[in-house]
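Visitor: Contents of final_14.cif (mmCIF, C-alpha atoms) are below:
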```cif
data_upload
#
loop_
_atom_site.label_atom_id
_atom_site.label_comp_id
_atom_site.auth_asym_id
_atom_site.auth_seq_id
_atom_site.Cartn_x
_atom_site.Cartn_y
_atom_site.Cartn_z
CA MET G 107 21.97 7.65 28.85
CA THR G 108 25.12 9.71 29.36
CA LYS G 109 26.23 12.48 27.07
CA ASN G 110 29.33 10.54 26.00
CA THR G 111 27.31 7.48 25.14
CA THR G 112 24.88 9.51 23.09
CA ALA G 113 27.71 11.14 21.21
CA GLY G 114 29.27 7.76 20.51
CA LEU G 115 26.03 6.40 19.15
CA GLY G 116 25.64 9.49 16.98
CA ILE G 117 29.06 9.01 15.43
CA PHE G 118 28.36 5.30 14.93
CA ALA G 119 25.11 6.00 13.09
CA LYS G 120 26.51 8.96 11.17
CA TYR G 121 29.33 6.90 9.63
CA LEU G 122 27.36 3.70 9.12
CA THR G 123 28.39 3.49 5.45
CA LEU G 124 32.04 3.59 6.49
CA TRP G 125 31.52 0.77 9.00
CA VAL G 126 29.75 -1.26 6.32
CA ILE G 127 32.68 -0.85 3.92
CA ILE G 128 35.17 -1.75 6.65
CA CYS G 129 33.21 -4.91 7.53
CA MET G 130 32.98 -5.94 3.88
CA ILE G 131 36.73 -5.51 3.44
CA ALA G 132 37.38 -7.36 6.71
CA GLY G 133 35.22 -10.25 5.52
CA VAL G 134 37.06 -10.48 2.18
CA LEU G 135 40.45 -10.42 3.92
CA ILE G 136 39.36 -13.14 6.35
CA GLY G 137 38.15 -15.34 3.51
CA ARG G 138 41.32 -14.74 1.54
CA PHE G 139 43.99 -15.05 4.24
CA VAL G 140 42.27 -16.91 7.10
CA PRO G 141 40.13 -19.39 5.13
CA PHE G 142 39.68 -21.81 8.02
CA VAL G 143 37.28 -19.33 9.66
CA PRO G 144 34.61 -19.37 6.89
CA GLU G 145 35.29 -23.08 6.35
CA PHE G 146 34.46 -23.74 10.00
CA LEU G 147 31.36 -21.53 9.91
CA GLY G 148 30.33 -23.20 6.67
CA THR G 149 29.96 -26.51 8.46
CA PHE G 150 26.94 -25.06 10.27
CA GLU G 151 24.55 -25.12 7.33
CA TYR G 152 21.20 -26.67 6.52
CA ALA G 153 19.51 -26.67 3.10
CA ASN G 154 22.01 -24.07 1.81
CA VAL G 155 21.10 -21.73 4.68
CA SER G 156 24.00 -20.64 6.87
CA ILE G 157 22.97 -21.06 10.51
CA PRO G 158 25.35 -18.29 11.78
CA ILE G 159 23.96 -15.84 9.22
CA ALA G 160 20.40 -16.92 10.03
CA ILE G 161 21.01 -16.20 13.71
CA LEU G 162 22.47 -12.76 12.97
CA ILE G 163 19.61 -11.87 10.65
CA TRP G 164 17.23 -12.99 13.39
CA VAL G 165 19.09 -10.69 15.79
CA MET G 166 18.60 -7.85 13.31
CA ILE G 167 14.92 -8.49 12.77
CA TYR G 168 13.73 -9.30 16.29
CA PRO G 169 14.00 -5.71 17.64
CA MET G 170 11.87 -4.49 14.73
CA MET G 171 9.28 -7.19 15.26
CA LEU G 172 8.91 -5.95 18.84
CA LYS G 173 7.34 -2.84 17.34
CA VAL G 174 4.64 -4.77 15.48
CA ASP G 175 1.27 -4.26 17.08
CA PHE G 176 -1.18 -6.85 15.79
CA LYS G 177 -3.98 -4.46 16.57
CA SER G 178 -2.67 -2.35 13.70
CA VAL G 179 -1.93 -5.32 11.41
CA LYS G 180 -5.63 -6.14 11.15
CA TYR G 181 -6.26 -2.70 9.64
CA VAL G 182 -3.72 -3.14 6.84
CA GLY G 183 -6.28 -4.83 4.59
CA LYS G 184 -8.42 -1.71 4.78
CA ASN G 185 -5.56 0.31 3.30
CA PRO G 186 -4.45 -1.77 0.31
CA LYS G 187 -2.70 0.79 -1.93
CA GLY G 188 0.71 0.24 -0.35
CA LEU G 189 0.37 -3.52 -0.75
CA VAL G 190 -0.77 -3.29 -4.37
CA LEU G 191 2.15 -0.98 -5.11
CA THR G 192 4.58 -3.51 -3.63
CA TRP G 193 3.09 -6.39 -5.63
CA VAL G 194 3.06 -4.51 -8.94
CA VAL G 195 6.63 -3.24 -8.62
CA ASN G 196 8.07 -6.56 -7.46
CA TRP G 197 6.29 -8.91 -9.85
CA LEU G 198 5.16 -6.94 -12.92
CA ILE G 199 8.08 -4.51 -13.25
CA LYS G 200 11.24 -5.52 -11.39
CA PRO G 201 12.10 -8.92 -12.97
CA PHE G 202 11.62 -7.53 -16.48
CA THR G 203 13.64 -4.34 -15.98
CA MET G 204 16.41 -6.44 -14.43
CA PHE G 205 16.46 -8.69 -17.49
CA ALA G 206 16.44 -5.75 -19.91
CA ILE G 207 19.12 -3.72 -18.12
CA ALA G 208 21.42 -6.71 -17.52
CA ALA G 209 21.07 -7.99 -21.09
CA PHE G 210 21.79 -4.52 -22.48
CA PHE G 211 25.03 -4.17 -20.51
CA PHE G 212 26.30 -7.76 -20.73
CA TYR G 213 25.51 -8.32 -24.44
CA ILE G 214 25.99 -4.80 -25.85
CA VAL G 215 27.84 -2.31 -23.65
CA PHE G 216 30.36 -4.84 -22.29
CA SER G 217 30.40 -7.15 -25.33
CA ALA G 218 34.11 -6.50 -25.93
CA LEU G 219 34.95 -7.51 -22.37
CA ILE G 220 32.53 -10.38 -21.70
CA PRO G 221 32.24 -13.41 -24.05
CA PRO G 222 28.65 -14.37 -25.00
CA GLU G 223 28.69 -17.58 -22.93
CA LEU G 224 29.82 -15.70 -19.84
CA ALA G 225 27.31 -12.92 -20.52
CA ARG G 226 24.54 -15.50 -20.52
CA ASP G 227 25.64 -16.85 -17.14
CA TYR G 228 25.82 -13.37 -15.64
CA LEU G 229 22.37 -12.63 -17.03
CA ILE G 230 20.98 -15.75 -15.33
CA GLY G 231 22.43 -14.61 -12.00
CA ALA G 232 20.96 -11.14 -12.42
CA VAL G 233 17.52 -12.54 -13.23
CA LEU G 234 17.64 -14.79 -10.16
CA LEU G 235 18.24 -11.67 -8.09
CA GLY G 236 15.56 -9.62 -9.83
CA ALA G 237 12.89 -12.29 -9.44
CA ALA G 238 13.42 -12.61 -5.67
CA PRO G 239 12.23 -9.55 -3.69
CA CYS G 240 13.79 -9.03 -0.29
CA THR G 241 12.56 -10.93 2.77
CA ALA G 242 14.93 -10.34 5.67
CA MET G 243 17.09 -7.26 5.06
CA VAL G 244 14.11 -5.09 4.14
CA PHE G 245 13.22 -4.97 7.83
CA VAL G 246 16.57 -3.25 8.42
CA TRP G 247 15.91 -0.66 5.71
CA SER G 248 12.36 -0.12 7.00
CA HIS G 249 13.76 0.39 10.49
CA LEU G 250 16.29 2.95 9.26
CA THR G 251 13.56 4.93 7.47
CA LYS G 252 11.18 4.66 10.45
CA GLY G 253 8.76 2.62 8.39
CA ASN G 254 5.44 1.30 9.65
CA ALA G 255 6.54 -2.02 11.17
CA ALA G 256 3.14 -3.70 10.93
CA TYR G 257 2.65 -2.70 7.32
CA THR G 258 6.18 -3.78 6.38
CA VAL G 259 5.52 -7.23 7.85
CA VAL G 260 2.46 -7.64 5.63
CA GLN G 261 4.32 -6.33 2.57
CA VAL G 262 7.08 -8.88 3.11
CA ALA G 263 4.76 -11.75 4.09
CA THR G 264 2.61 -11.39 0.98
CA ASN G 265 5.74 -11.25 -1.19
CA ASP G 266 6.89 -14.50 0.40
CA LEU G 267 3.60 -16.15 -0.57
CA ILE G 268 3.87 -14.86 -4.14
CA ILE G 269 7.46 -16.15 -4.41
CA LEU G 270 6.15 -19.67 -3.89
CA VAL G 271 4.16 -19.59 -7.12
CA ALA G 272 5.79 -16.85 -9.24
CA PHE G 273 9.57 -17.19 -8.84
CA VAL G 274 10.16 -20.26 -11.03
CA PRO G 275 7.72 -19.33 -13.86
CA ILE G 276 9.14 -15.80 -14.14
CA VAL G 277 12.76 -17.00 -14.21
CA ALA G 278 11.92 -19.71 -16.72
CA PHE G 279 10.04 -17.25 -18.94
CA LEU G 280 12.77 -14.59 -18.91
CA LEU G 281 15.61 -17.00 -19.56
CA GLY G 282 13.70 -19.18 -22.00
CA ILE G 283 14.64 -22.34 -20.16
CA SER G 284 12.63 -25.24 -18.86
CA GLY G 285 13.02 -27.62 -15.99
CA ILE G 286 14.53 -25.05 -13.64
CA SER G 287 14.32 -26.27 -10.08
CA ILE G 288 14.37 -24.44 -6.81
CA PRO G 289 15.55 -25.64 -3.40
CA TRP G 290 12.13 -25.49 -1.77
CA VAL G 291 13.51 -26.43 1.61
CA THR G 292 15.79 -23.40 1.44
CA LEU G 293 12.88 -21.15 0.55
CA PHE G 294 10.56 -22.39 3.28
CA LEU G 295 13.32 -22.45 5.87
CA SER G 296 14.28 -18.87 5.00
CA VAL G 297 10.71 -17.67 5.38
CA VAL G 298 10.34 -19.44 8.72
CA LEU G 299 13.69 -18.22 10.07
CA PHE G 300 13.57 -14.66 8.77
CA VAL G 301 9.88 -13.83 9.16
CA VAL G 302 7.77 -16.28 11.13
CA ILE G 303 9.98 -16.99 14.16
CA PRO G 304 11.13 -13.40 14.87
CA LEU G 305 7.59 -12.11 14.31
CA LEU G 306 6.08 -14.58 16.78
CA CYS G 307 8.82 -13.93 19.35
CA GLY G 308 8.45 -10.18 18.97
CA VAL G 309 4.68 -10.22 19.34
CA ILE G 310 4.79 -12.58 22.34
CA THR G 311 7.44 -10.44 24.05
CA ARG G 312 5.46 -7.27 23.38
CA MET G 313 2.20 -8.68 24.73
CA TYR G 314 3.86 -10.14 27.83
CA LEU G 315 5.78 -7.01 28.82
CA ILE G 316 2.88 -4.63 28.20
CA ARG G 317 0.60 -6.82 30.28
CA LYS G 318 3.18 -7.15 33.09
CA LYS G 319 4.80 -3.71 33.19
CA GLY G 320 2.70 -1.44 31.01
CA GLU G 321 3.10 0.17 27.60
CA GLU G 322 5.16 3.10 28.92
CA TYR G 323 7.84 0.75 30.26
CA PHE G 324 7.84 -1.20 26.98
CA THR G 325 8.23 1.84 24.72
CA LYS G 326 10.49 4.05 26.86
CA THR G 327 12.64 1.52 28.75
CA PHE G 328 12.65 -1.86 27.01
CA LEU G 329 12.72 -0.90 23.30
CA PRO G 330 15.64 1.59 23.63
CA LYS G 331 17.84 -1.28 24.83
CA PHE G 332 17.81 -2.64 21.27
CA ASP G 333 18.70 0.61 19.50
CA ASN G 334 22.06 -0.58 18.14
CA ILE G 335 21.50 -4.33 17.98
CA THR G 336 20.06 -4.19 14.46
CA ILE G 337 23.08 -2.32 13.09
CA ALA G 338 25.55 -4.56 14.96
CA GLY G 339 23.83 -7.63 13.50
CA LEU G 340 24.04 -6.11 10.02
CA LEU G 341 27.78 -5.47 10.30
CA LEU G 342 28.59 -8.93 11.66
CA THR G 343 26.45 -10.49 8.92
CA LEU G 344 28.46 -8.68 6.27
CA VAL G 345 31.75 -9.90 7.73
CA ILE G 346 30.57 -13.51 7.54
CA ILE G 347 28.98 -13.25 4.08
CA PHE G 348 32.07 -11.72 2.52
CA SER G 349 34.42 -14.11 4.31
CA TYR G 350 32.66 -16.92 2.43
CA GLN G 351 33.38 -15.24 -0.92
CA GLY G 352 36.77 -13.64 -0.25
CA THR G 353 38.70 -15.67 -2.83
CA VAL G 354 36.04 -15.33 -5.54
CA ILE G 355 35.89 -11.55 -5.11
CA THR G 356 39.64 -10.95 -5.13
CA GLU G 357 40.19 -13.16 -8.18
CA ASN G 358 37.53 -11.46 -10.35
CA PRO G 359 37.91 -7.70 -9.77
CA LEU G 360 37.10 -6.48 -13.30
CA HIS G 361 34.08 -8.70 -13.85
CA ILE G 362 32.74 -7.83 -10.41
CA LEU G 363 32.80 -4.19 -11.47
CA LEU G 364 31.09 -5.00 -14.78
CA ILE G 365 28.37 -7.06 -13.08
CA ALA G 366 27.85 -4.35 -10.46
CA VAL G 367 26.99 -1.63 -13.00
CA PRO G 368 23.59 -2.97 -14.18
CA LEU G 369 22.72 -4.19 -10.68
CA ILE G 370 23.26 -0.72 -9.22
CA ILE G 371 21.27 0.95 -12.00
CA GLN G 372 18.43 -1.54 -11.51
CA THR G 373 18.37 -0.99 -7.74
CA ILE G 374 18.14 2.78 -8.05
CA LEU G 375 15.57 2.61 -10.87
CA ILE G 376 13.20 0.29 -9.00
CA PHE G 377 13.47 2.35 -5.83
CA CYS G 378 12.61 5.52 -7.77
CA ILE G 379 9.61 3.82 -9.39
CA ALA G 380 8.20 2.49 -6.12
CA TYR G 381 9.03 5.50 -3.96
CA GLY G 382 7.82 7.94 -6.61
CA ALA G 383 4.60 5.97 -7.08
CA GLY G 384 4.13 6.04 -3.31
CA TRP G 385 4.32 9.82 -3.36
CA PHE G 386 1.97 10.00 -6.36
CA LEU G 387 -0.54 7.68 -4.64
CA ASN G 388 -0.51 9.92 -1.56
CA LEU G 389 0.94 7.21 0.70
CA PRO G 390 2.54 8.22 4.01
CA HIS G 391 6.32 8.08 4.15
CA SER G 392 6.22 5.16 6.63
CA ILE G 393 4.70 3.01 3.85
CA ALA G 394 6.17 4.56 0.69
CA ALA G 395 9.77 4.27 1.92
CA PRO G 396 9.56 0.55 2.84
CA ALA G 397 7.75 -0.10 -0.45
CA GLY G 398 10.72 1.40 -2.26
CA MET G 399 13.12 -0.65 -0.15
CA VAL G 400 11.24 -3.91 -0.75
CA GLY G 401 11.42 -3.34 -4.49
CA ALA G 402 15.03 -2.18 -4.61
CA SER G 403 16.55 -4.91 -2.44
CA ASN G 404 16.77 -8.61 -3.23
CA PHE G 405 16.24 -11.93 -1.48
CA PHE G 406 19.93 -12.68 -2.04
CA GLU G 407 19.87 -15.73 0.25
CA LEU G 408 17.44 -17.41 -2.15
CA ALA G 409 19.21 -16.20 -5.32
CA VAL G 410 22.61 -17.43 -4.12
CA ALA G 411 21.16 -20.75 -2.95
CA VAL G 412 19.40 -21.38 -6.28
CA SER G 413 22.49 -20.43 -8.30
CA ILE G 414 24.67 -22.80 -6.27
CA ALA G 415 22.12 -25.61 -6.40
CA LEU G 416 21.75 -25.32 -10.19
CA TYR G 417 25.22 -24.32 -11.37
CA GLY G 418 27.70 -24.89 -8.52
CA THR G 419 29.62 -22.67 -6.11
CA GLY G 420 32.32 -21.71 -8.62
CA SER G 421 29.98 -20.86 -11.50
CA PRO G 422 29.70 -17.40 -13.10
CA VAL G 423 25.99 -17.51 -12.21
CA ALA G 424 26.84 -17.77 -8.52
CA LEU G 425 29.40 -14.98 -8.89
CA ALA G 426 26.71 -12.66 -10.29
CA THR G 427 24.41 -13.30 -7.34
CA ILE G 428 27.31 -12.74 -4.94
CA VAL G 429 27.99 -9.36 -6.55
CA GLY G 430 24.36 -8.58 -5.79
CA VAL G 431 25.20 -8.95 -2.12
CA LEU G 432 28.34 -6.87 -2.57
CA VAL G 433 26.58 -3.83 -4.04
CA GLU G 434 23.24 -4.01 -2.27
CA VAL G 435 24.15 -2.79 1.20
CA PRO G 436 26.06 0.39 0.22
CA VAL G 437 23.45 1.30 -2.40
CA MET G 438 20.55 0.64 -0.03
CA LEU G 439 22.17 2.81 2.65
CA MET G 440 22.39 5.59 0.07
CA LEU G 441 18.70 5.16 -0.75
CA VAL G 442 17.84 5.15 2.98
CA LYS G 443 19.57 8.52 3.31
CA PHE G 444 17.67 9.83 0.29
CA ALA G 445 14.34 8.60 1.66
CA ASN G 446 15.00 10.21 5.03
CA ALA G 447 16.13 13.46 3.41
CA THR G 448 12.88 13.68 1.39
CA LYS G 449 10.54 12.74 4.21
CA ASP G 450 9.12 16.28 4.34
CA ARG G 451 7.56 15.68 0.89
CA PHE G 452 5.16 13.25 2.58
CA LEU G 453 3.93 15.47 5.40
CA ASN G 454 0.32 15.38 6.61
CA ARG G 455 -0.48 11.97 5.17
CA GLU G 456 -2.32 9.52 7.43
CA LEU G 457 -2.42 5.73 7.18
CA ASP G 458 -6.13 5.68 6.50
CA GLN G 459 -5.47 7.48 3.21
CA CYS G 460 -3.57 4.49 1.80
#
```
For this file, write the structure as structure tokens.
Guide:
Amino acid sequence: MTKNTTAGLGIFAKYLTLWVIICMIAGVLIGRFVPFVPEFLGTFEYANVSIPIAILIWVMIYPMMLKVDFKSVKYVGKNPKGLVLTWVVNWLIKPFTMFAIAAFFFYIVFSALIPPELARDYLIGAVLLGAAPCTAMVFVWSHLTKGNAAYTVVQVATNDLIILVAFVPIVAFLLGISGISIPWVTLFLSVVLFVVIPLLCGVITRMYLIRKKGEEYFTKTFLPKFDNITIAGLLLTLVIIFSYQGTVITENPLHILLIAVPLIIQTILIFCIAYGAGWFLNLPHSIAAPAGMVGASNFFELAVAVSIALYGTGSPVALATIVGVLVEVPVMLMLVKFANATKDRFLNRELDQC
């Protein structure tokens, strides 16, 4: 790699937050002033899952799945503390803190600005986000913190299994409603697209290339070719997501800000709980950081799909879940930087201590 290329990549990575903001703005402007673009892309959809976004997320995840060595996956069960931490934070803490923080802000702090009926709808959207831990994007955050790829896969996969039985009861309990439905096809399709397919492709590619050309070629020649693909996929995904919601975002600037406040506080709080617990439990950084990221981020594809299926695309509930997408990426990038800056606090910790 030439010196100029290396420098260019350094600048690209260094100002990633800036590129994210630019892509978000570009997406909003496209949706607002060139609406035929998202309308056309929106025709490629199945079970509320956007096929273009699914492809881009797959592009993001595949390079990380190449790093998964199934020889190491089989040892994850012998080191369960990181998994238990993920389960406790995501299912016994996160949904309830989301409900409490959102209710406090929507019903009390912002009571003069948000009518009670609207506050209820925003609370429903927040709870849908809080009850759905991240599936796809967490692989990006794990990658950026140099997380243990094999362990992250198991953390995410077990969360996906828990979602199947826990999502609806938790939402129904927190909101005091009955008969809530969930687009199961959307959920299963998301899991298959965002976890199963890229994982299988990554493992097959890894095994084939190592057998044909050796592990040194795979790690030093093949893997570096994908260094920037994950970030490029992230940026293009943001452009498309925000092009879909350009009109909604520009027509609700104040309420977007009000909704964003509790969501940001919740994201930071849950990350601190999980990441801090990882340090306290003597976990290595490669497991503690992804555990924090899994807890802090949300399965926004599922939350948005459920909100639209239950309340419609123009509902305040859907708006709240969309704001979750709006704030998540910048906040998660900030938490990635914090995790990387505090990596030295986790020195001399081995996986077998987990």
Visitor: Taking the file as shown, what set of residues would the PyMOL selection byres ((chain G and resi 438-445) around 7) give back, as a short mmCIF file (atom, residue, chain, number, x, y, z; two decimals) with C-alpha atoms, in the coordinates of the input?
Guide:
```cif
data_model
loop_
_atom_site.label_atom_id
_atom_site.label_comp_id
_atom_site.auth_asym_id
_atom_site.auth_seq_id
_atom_site.Cartn_x
_atom_site.Cartn_y
_atom_site.Cartn_z
CA THR G 123 28.39 3.49 5.45
CA TRP G 247 15.91 -0.66 5.71
CA LEU G 250 16.29 2.95 9.26
CA THR G 251 13.56 4.93 7.47
CA ALA G 395 9.77 4.27 1.92
CA GLU G 434 23.24 -4.01 -2.27
CA VAL G 435 24.15 -2.79 1.20
CA PRO G 436 26.06 0.39 0.22
CA VAL G 437 23.45 1.30 -2.40
CA ASN G 446 15.00 10.21 5.03
CA ALA G 447 16.13 13.46 3.41
CA THR G 448 12.88 13.68 1.39
CA LYS G 449 10.54 12.74 4.21
#
```
Visitor: Have a look at G:Ala225, G:Leu342, G:Ala397, G:Val140 and name the one nearest to Ile161 in chain G; count only C-alpha atoms.
Guide: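 Checking each candidate against Ile161 in chain G, we get G:Leu342 as the closest.
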Visitor: Need to verify the contact set: Thr356 in chain G, 8 Å, all atoms listed in the file, exclusion of same-chain residues closer than 3 positions in sequence. Can you return it as a ChimeraX atom specification?
Guide: /G:134,138,352-353,359
Visitor: Rank G:Phe142, G:Tyr228, G:Phe348, G:Trp197 by their smallest atom-to-atom distance to Leu432 in chain G, using all atoms listed in the file, and report the top residue only.
Guide: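 Closest candidate: G:Phe348.
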Visitor: Between CA of Leu387 in chain G and CA of Thr192 in chain G, what is the spacing in Å?
Guide: 12.3 Å
Visitor: Mind pulling up the distance from CA of Lys331 in chain G to CA of Leu315 in chain G?
Guide: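 Result for CA of Leu315 in chain G versus CA of Lys331 in chain G: 13.9 Å, one decimal.
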Visitor: Give the answer as one residue: which of G:Val260, G:Ala426, G:Thr203, G:Asn334 has the shortest atom-to-atom distance to Ile374 in chain G, using all atoms listed in the file?
Guide: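 Answer, going by the shortest atom-to-atom distance: G:Thr203.
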Visitor: For each of G:Ile157, G:Ile310, G:Ala383, G:Cys240, take the minimum atom-to-atom distance to Met399 in chain G, counting all atoms listed in the file, then give the residue where this is smallest.
Guide: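 Answer, going by the shortest atom-to-atom distance: G:Cys240.
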Visitor: Given the file above and the PyMOL selection byres ((chain G and resi 204) around 8), which residues are selected, and can you give them as JSON, numbers by chain?
Guide: {"G": [200, 201, 202, 203, 205, 206, 207, 208, 232, 233, 236, 368, 369, 372]}
Visitor: Residues at most 6 Å from range 126-133 of chain G, counting all atoms listed in the file, excluding those fewer than 2 positions away in the same chain, as a PyMOL selection string?
Guide: chain G and resi 123-124+135-136+344-345+348-349
Visitor: Once the PyMOL selection byres ((chain G and resi 391) around 10) is applied to the coordinates I shared, what remains selected? I want it as number ranges by chain.
Guide: G: 251-254, 381, 384-385, 388-390, 392-397, 445-446, 448-457
Visitor: Once you have the residues from the selection above, write them out as a PDB file, keeping the file's coordinate frame, restricted to C-alpha atoms.
Guide:
```
ATOM      1  CA  THR G 251      13.560   4.930   7.470  1.00  0.00           C
ATOM      2  CA  LYS G 252      11.180   4.660  10.450  1.00  0.00           C
ATOM      3  CA  GLY G 253       8.760   2.620   8.390  1.00  0.00           C
ATOM      4  CA  ASN G 254       5.440   1.300   9.650  1.00  0.00           C
ATOM      5  CA  TYR G 381       9.030   5.500  -3.960  1.00  0.00           C
ATOM      6  CA  GLY G 384       4.130   6.040  -3.310  1.00  0.00           C
ATOM      7  CA  TRP G 385       4.320   9.820  -3.360  1.00  0.00           C
ATOM      8  CA  ASN G 388      -0.510   9.920  -1.560  1.00  0.00           C
ATOM      9  CA  LEU G 389       0.940   7.210   0.700  1.00  0.00           C
ATOM     10  CA  PRO G 390       2.540   8.220   4.010  1.00  0.00           C
ATOM     11  CA  SER G 392       6.220   5.160   6.630  1.00  0.00           C
ATOM     12  CA  ILE G 393       4.700   3.010   3.850  1.00  0.00           C
ATOM     13  CA  ALA G 394       6.170   4.560   0.690  1.00  0.00           C
ATOM     14  CA  ALA G 395       9.770   4.270   1.920  1.00  0.00           C
ATOM     15  CA  PRO G 396       9.560   0.550   2.840  1.00  0.00           C
ATOM     16  CA  ALA G 397       7.750  -0.100  -0.450  1.00  0.00           C
ATOM     17  CA  ALA G 445      14.340   8.600   1.660  1.00  0.00           C
ATOM     18  CA  ASN G 446      15.000  10.210   5.030  1.00  0.00           C
ATOM     19  CA  THR G 448      12.880  13.680   1.390  1.00  0.00           C
ATOM     20  CA  LYS G 449      10.540  12.740   4.210  1.00  0.00           C
ATOM     21  CA  ASP G 450       9.120  16.280   4.340  1.00  0.00           C
ATOM     22  CA  ARG G 451       7.560  15.680   0.890  1.00  0.00           C
ATOM     23  CA  PHE G 452       5.160  13.250   2.580  1.00  0.00           C
ATOM     24  CA  LEU G 453       3.930  15.470   5.400  1.00  0.00           C
ATOM     25  CA  ASN G 454       0.320  15.380   6.610  1.00  0.00           C
ATOM     26  CA  ARG G 455      -0.480  11.970   5.170  1.00  0.00           C
ATOM     27  CA  GLU G 456      -2.320   9.520   7.430  1.00  0.00           C
ATOM     28  CA  LEU G 457      -2.420   5.730   7.180  1.00  0.00           C
TER      29      LEU G 457
END
```
Visitor: Excluding same-chain residues fewer than 6 positions from Val423 in chain G, what lies within 8 Å of it counting all atoms listed in the file, as a list of chain:residue names?
Guide: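 Contacts, with the query itself left out: G:Asp227, G:Tyr228, G:Leu229, G:Ile230, G:Gly231, G:Ser413, G:Tyr417.
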Visitor: For a test of reading the model, state the distance in Å between CA of Phe146 in chain G and CA of Leu341 in chain G, rounded to one decimal.
Guide: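 The value is 19.5 Å.
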Visitor: If you take only C-alpha atoms and a cut-off of 10 Å, which residues of range 221-283 of chain G touch range 185-191 of chain G, and what are their nearest atom pairs and distances in Å to one decimal, in chain and number order, as a Markdown table?
Guide:
```
| residue | atom | partner | partner_atom | distance |
| --- | --- | --- | --- | --- |
| G:Tyr257 | CA | G:Leu189 | CA | 8.4 |
| G:Thr258 | CA | G:Leu189 | CA | 9.2 |
| G:Val260 | CA | G:Leu189 | CA | 7.9 |
| G:Gln261 | CA | G:Leu189 | CA | 5.9 |
| G:Val262 | CA | G:Leu189 | CA | 9.4 |
| G:Thr264 | CA | G:Leu189 | CA | 8.4 |
| G:Asn265 | CA | G:Leu189 | CA | 9.4 |
```
Visitor: What's the 6 Å shell around Asn404 in chain G, counting only C-alpha atoms, without same-chain residues fewer than 4 positions away, as number ranges by chain?
Guide: G: 235, 238-240
Visitor: I'd like the neighbourhood of His361 in chain G as an mmCIF file with C-alpha atoms, in the frame of the given file, where a residue qualifies if any of its atoms comes within 12 Å (using all atoms listed in the file), though same-chain residues fewer than 2 positions away should be ignored.
Guide:
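What follows is the written file selection.cif:
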```cif
data_model
loop_
_atom_site.group_PDB
_atom_site.id
_atom_site.type_symbol
_atom_site.label_atom_id
_atom_site.label_comp_id
_atom_site.auth_asym_id
_atom_site.auth_seq_id
_atom_site.Cartn_x
_atom_site.Cartn_y
_atom_site.Cartn_z
ATOM 1 C CA PHE G 212 26.300 -7.760 -20.730
ATOM 2 C CA PHE G 216 30.360 -4.840 -22.290
ATOM 3 C CA LEU G 219 34.950 -7.510 -22.370
ATOM 4 C CA ILE G 220 32.530 -10.380 -21.700
ATOM 5 C CA PRO G 221 32.240 -13.410 -24.050
ATOM 6 C CA LEU G 224 29.820 -15.700 -19.840
ATOM 7 C CA ALA G 225 27.310 -12.920 -20.520
ATOM 8 C CA TYR G 228 25.820 -13.370 -15.640
ATOM 9 C CA VAL G 354 36.040 -15.330 -5.540
ATOM 10 C CA ILE G 355 35.890 -11.550 -5.110
ATOM 11 C CA THR G 356 39.640 -10.950 -5.130
ATOM 12 C CA GLU G 357 40.190 -13.160 -8.180
ATOM 13 C CA ASN G 358 37.530 -11.460 -10.350
ATOM 14 C CA PRO G 359 37.910 -7.700 -9.770
ATOM 15 C CA LEU G 363 32.800 -4.190 -11.470
ATOM 16 C CA LEU G 364 31.090 -5.000 -14.780
ATOM 17 C CA ILE G 365 28.370 -7.060 -13.080
ATOM 18 C CA ALA G 366 27.850 -4.350 -10.460
ATOM 19 C CA VAL G 367 26.990 -1.630 -13.000
ATOM 20 C CA PRO G 368 23.590 -2.970 -14.180
ATOM 21 C CA PRO G 422 29.700 -17.400 -13.100
ATOM 22 C CA LEU G 425 29.400 -14.980 -8.890
ATOM 23 C CA ALA G 426 26.710 -12.660 -10.290
ATOM 24 C CA ILE G 428 27.310 -12.740 -4.940
ATOM 25 C CA VAL G 429 27.990 -9.360 -6.550
#
```
Visitor: Which is closer to Leu306 in chain G than all the others in G:Val246, G:Ala263, G:Phe328, G:Met171, using all atoms listed in the file?
Guide: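 Closest candidate: G:Met171.
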